[in-house]
Amino acid sequence: MKTYLYSGLLLSALLLSSCSSDEKKSVQNTDAPIAVTVNKSSGNALGLSTTATGKLVAKNSVNVSTRMMGYITSMRAEVGQNVRAGQGLVSINSTDIQAKGGQASAQISQAQAQFNIAKKDYARYQNLYKNQSASQKELDDMRARYEMAQAGLQVAQQMKNEVNSQYRYTNITAPISGTITAKFAEQGDMASPGMPLLTIESSGALQAQVLVSEQYITLIRQGMPVQVTMKSVGKTIGGTVSEISKSAANTGGQYMVKINIPASGDLLPGMFVNVQFPFKNSGKINQDFQETVMIPKSAVVQNGQLTGVYVVSSQNTAVLRWLKTGKTAGDQVEVVSGLNSKEPYIVSAFGKLYNGAKVTLK
């Protein structure tokens with residue numbers, strides 16, 4: 001019994017000695033410092049900023065409609081079709097207009113005949129009056145008859161012009177060159193005055209339209225340069241503020257701002273955009289404004305629902321700092337809290353980082 005107890009104690013001592021030796025060896029054989037590159041979190045280049053969301057729209061968009069009521073006899077347009085200005089698109093039944101045109105032509109013929117007779121009678125009575133064969137009253141009556149016939153002819157001609165102008169609305173052409181983006185009627189449908197039939201948007205020229213809150217709208221100026229990000233195509237381009245609405249009555253308490261952007265083949269109307277407005281530091285800016293801290297997405301560490309970034313401690317070790325992030329702009333992400341604009345953070349490392357790893361600045 002004593003022999004077994006002694007053997008157990010000896011085995012335990014050997015195991016403890018081995019573990020202690022391994023721990024000492026682990027402490028002594030620590031990894032070499034990891035070379036890292038650091039950077040300071042950057043506030044906006046001009047100091048303060050805000051981001052607004054919206055969509056791309058065609059700079060020139062037209063709803064095509066008619067002033068005539070009638071059945072659509074021909075619809076030569078499809079969504080996505082490119083059209084040129086003046087190209088025929090829609091035809092509407094013109095039977096009623098043709099009938100009115102015939103009536104107007106008949107009235108012109110009648111008025112012309114009456115005018116010709118009145119003109120001859122007036123000329124005849126002028127000669128009779130000169131030869132003292134007609135009285136002044138007879139001459140005045142002939143002149144009045146002539147002038148009435150002349151006015152009747154002009155009325156008939158204007159009625160014909162009105163009918164001819166209505167003919168233009170039975171054959172509708174494209175008012176601008178562009179792309180058909182919407183179609184509201186088909187062949188056989190009844191067209192009504194003012195009812196939109198098609199929407200044509202000019203190709204190439206696009207605008208970003210965003211809604212800005214009342215807190216920032218007074219800081220935005222026409223011609224201000226901004227950054228426009230389209231997440232769907234992973235693209236950020238520069239734009240210029242072109243229009244600023246000064247009323248929020250019809251936009252839910254927010255103000256419409258339009259931004260001109262350069263033409264690009266991969267951008268389409270309707271794409272979702274983020275627009276970043278930079279503001280210069282001035283006395284006009286409310287103290288509630290906070291500097292926007294931006295860091296690259298490549299430096300962000302994701303751990304489940306948590307987001308962080310590695311910073312360098314005073315002992316030259318990597319420390320994972322948890323952050324609260326906000327909106328993204330291109331390859332940059334906004335840091336709402338957890339990192340100030342003057343604090344350095346690790347951008348890249350030549351090795352696998354972990355909490356407490358020794359680092360050396362490259």
# chains A, B, ... in the order shown; residues from 1 in each chain; ligands from 1
>>> residues_around(residues="segment 151-158 of chain A", least_positions_apart="5", cutoff="9 Å", atoms="only C-alpha atoms", output="list in words")
Ala104, Ser105, Ala106, Gln107, Ile108, Ser109, Gln110, Ala111, Gln112, Gln114, Phe115, Tyr146 and Val163 of chain A
>>> residues_around(residues="Lys246 of chain A", least_positions_apart="2", cutoff="7 Å", atoms="only C-alpha atoms", output="PDB file with C-alpha atoms, in the first residue's frame")
ATOM      1  CA  ILE A 244     -31.475  73.843 -53.056  1.00  0.00           C
ATOM      2  CA  ALA A 248     -40.122  71.486 -46.885  1.00  0.00           C
ATOM      3  CA  TYR A 255     -35.398  69.899 -47.922  1.00  0.00           C
TER       4      TYR A 255
END
>>> select_by_dssp(residues="segment 199-340 of chain A", states="strand (DSSP E)", output="ChimeraX atom specification")
/A:199-201,206-212,225-230,235-244,255-260,272-280,293-296,301-303,306-312,318-329,332-337
>>> closest_residue(among="A:Ile220, A:Val319, A:Val90, A:Val336", to="Ile295 of chain A", atoms="only C-alpha atoms")
A:Val336
>>> closest_residue(among="A:Val64, A:Val228, A:Leu139, A:Val210", to="Val257 of chain A", atoms="only C-alpha atoms")
A:Val210
>>> closest_residue(among="A:Ala299, A:Leu339, A:Val79, A:Ile172", to="Val38 of chain A", atoms="only C-alpha atoms")
A:Ala299
>>> residues_around(residues="segment 204-208 of chain A", least_positions_apart="3", cutoff="12 Å", atoms="only C-alpha atoms", output="count of residues only")
48
>>> residues_around(residues="Lys352 of chain A", least_positions_apart="6", cutoff="12 Å", atoms="only C-alpha atoms", output="list in words")
Asp31, Ala32, Pro33, Ile34, Ala35, Val36, Tyr310, Ala318, Lys358 and Val359 of chain A
>>> write_last_selection(atoms="N, CA and C atoms", output="PDB file, in the first residue's frame")
ATOM      1  N   ASP A  31       6.552  35.074 -29.170  1.00  0.00           N
ATOM      2  CA  ASP A  31       6.681  35.411 -30.586  1.00  0.00           C
ATOM      3  C   ASP A  31       7.412  36.733 -30.763  1.00  0.00           C
ATOM      4  N   ALA A  32       8.046  36.884 -31.910  1.00  0.00           N
ATOM      5  CA  ALA A  32       8.723  38.146 -32.221  1.00  0.00           C
ATOM      6  C   ALA A  32       7.672  39.225 -32.466  1.00  0.00           C
ATOM      7  N   PRO A  33       7.998  40.490 -32.203  1.00  0.00           N
ATOM      8  CA  PRO A  33       7.031  41.570 -32.428  1.00  0.00           C
ATOM      9  C   PRO A  33       6.557  41.599 -33.875  1.00  0.00           C
ATOM     10  N   ILE A  34       5.276  41.916 -34.061  1.00  0.00           N
ATOM     11  CA  ILE A  34       4.667  41.977 -35.394  1.00  0.00           C
ATOM     12  C   ILE A  34       4.814  43.400 -35.930  1.00  0.00           C
ATOM     13  N   ALA A  35       5.341  43.515 -37.131  1.00  0.00           N
ATOM     14  CA  ALA A  35       5.480  44.839 -37.760  1.00  0.00           C
ATOM     15  C   ALA A  35       4.101  45.319 -38.212  1.00  0.00           C
ATOM     16  N   VAL A  36       3.731  46.535 -37.820  1.00  0.00           N
ATOM     17  CA  VAL A  36       2.420  47.085 -38.162  1.00  0.00           C
ATOM     18  C   VAL A  36       2.572  48.495 -38.717  1.00  0.00           C
ATOM     19  N   TYR A 310      -7.778  47.696 -33.950  1.00  0.00           N
ATOM     20  CA  TYR A 310      -6.604  47.527 -33.101  1.00  0.00           C
ATOM     21  C   TYR A 310      -5.878  48.853 -32.957  1.00  0.00           C
ATOM     22  N   ALA A 318      -0.744  45.268 -29.173  1.00  0.00           N
ATOM     23  CA  ALA A 318      -2.003  45.507 -29.889  1.00  0.00           C
ATOM     24  C   ALA A 318      -3.179  45.332 -28.939  1.00  0.00           C
ATOM     25  N   LYS A 358       2.722  41.680 -29.172  1.00  0.00           N
ATOM     26  CA  LYS A 358       3.729  42.734 -29.256  1.00  0.00           C
ATOM     27  C   LYS A 358       3.828  43.214 -30.705  1.00  0.00           C
ATOM     28  N   VAL A 359       3.959  44.524 -30.865  1.00  0.00           N
ATOM     29  CA  VAL A 359       4.032  45.101 -32.197  1.00  0.00           C
ATOM     30  C   VAL A 359       5.207  46.070 -32.263  1.00  0.00           C
TER      31      VAL A 359
END
>>> closest_residue(among="A:Ala123, A:Val83, A:Val301, A:Val335", to="Ser348 of chain A", atoms="only C-alpha atoms")
A:Val301
>>> closest_residue(among="A:Phe277, A:Tyr216, A:Tyr122, A:Phe184", to="Ala149 of chain A", atoms="only C-alpha atoms")
A:Tyr122
>>> closest_residue(among="A:Gly80, A:Pro296, A:Gly326, A:Pro196", to="Ile346 of chain A", atoms="only C-alpha atoms")
A:Pro296
>>> select_by_dssp(residues="segment 191-240 of chain A", states="helix (DSSP H, G or I)", output="JSON, numbers by chain")
{"A": [214, 215, 216, 217]}
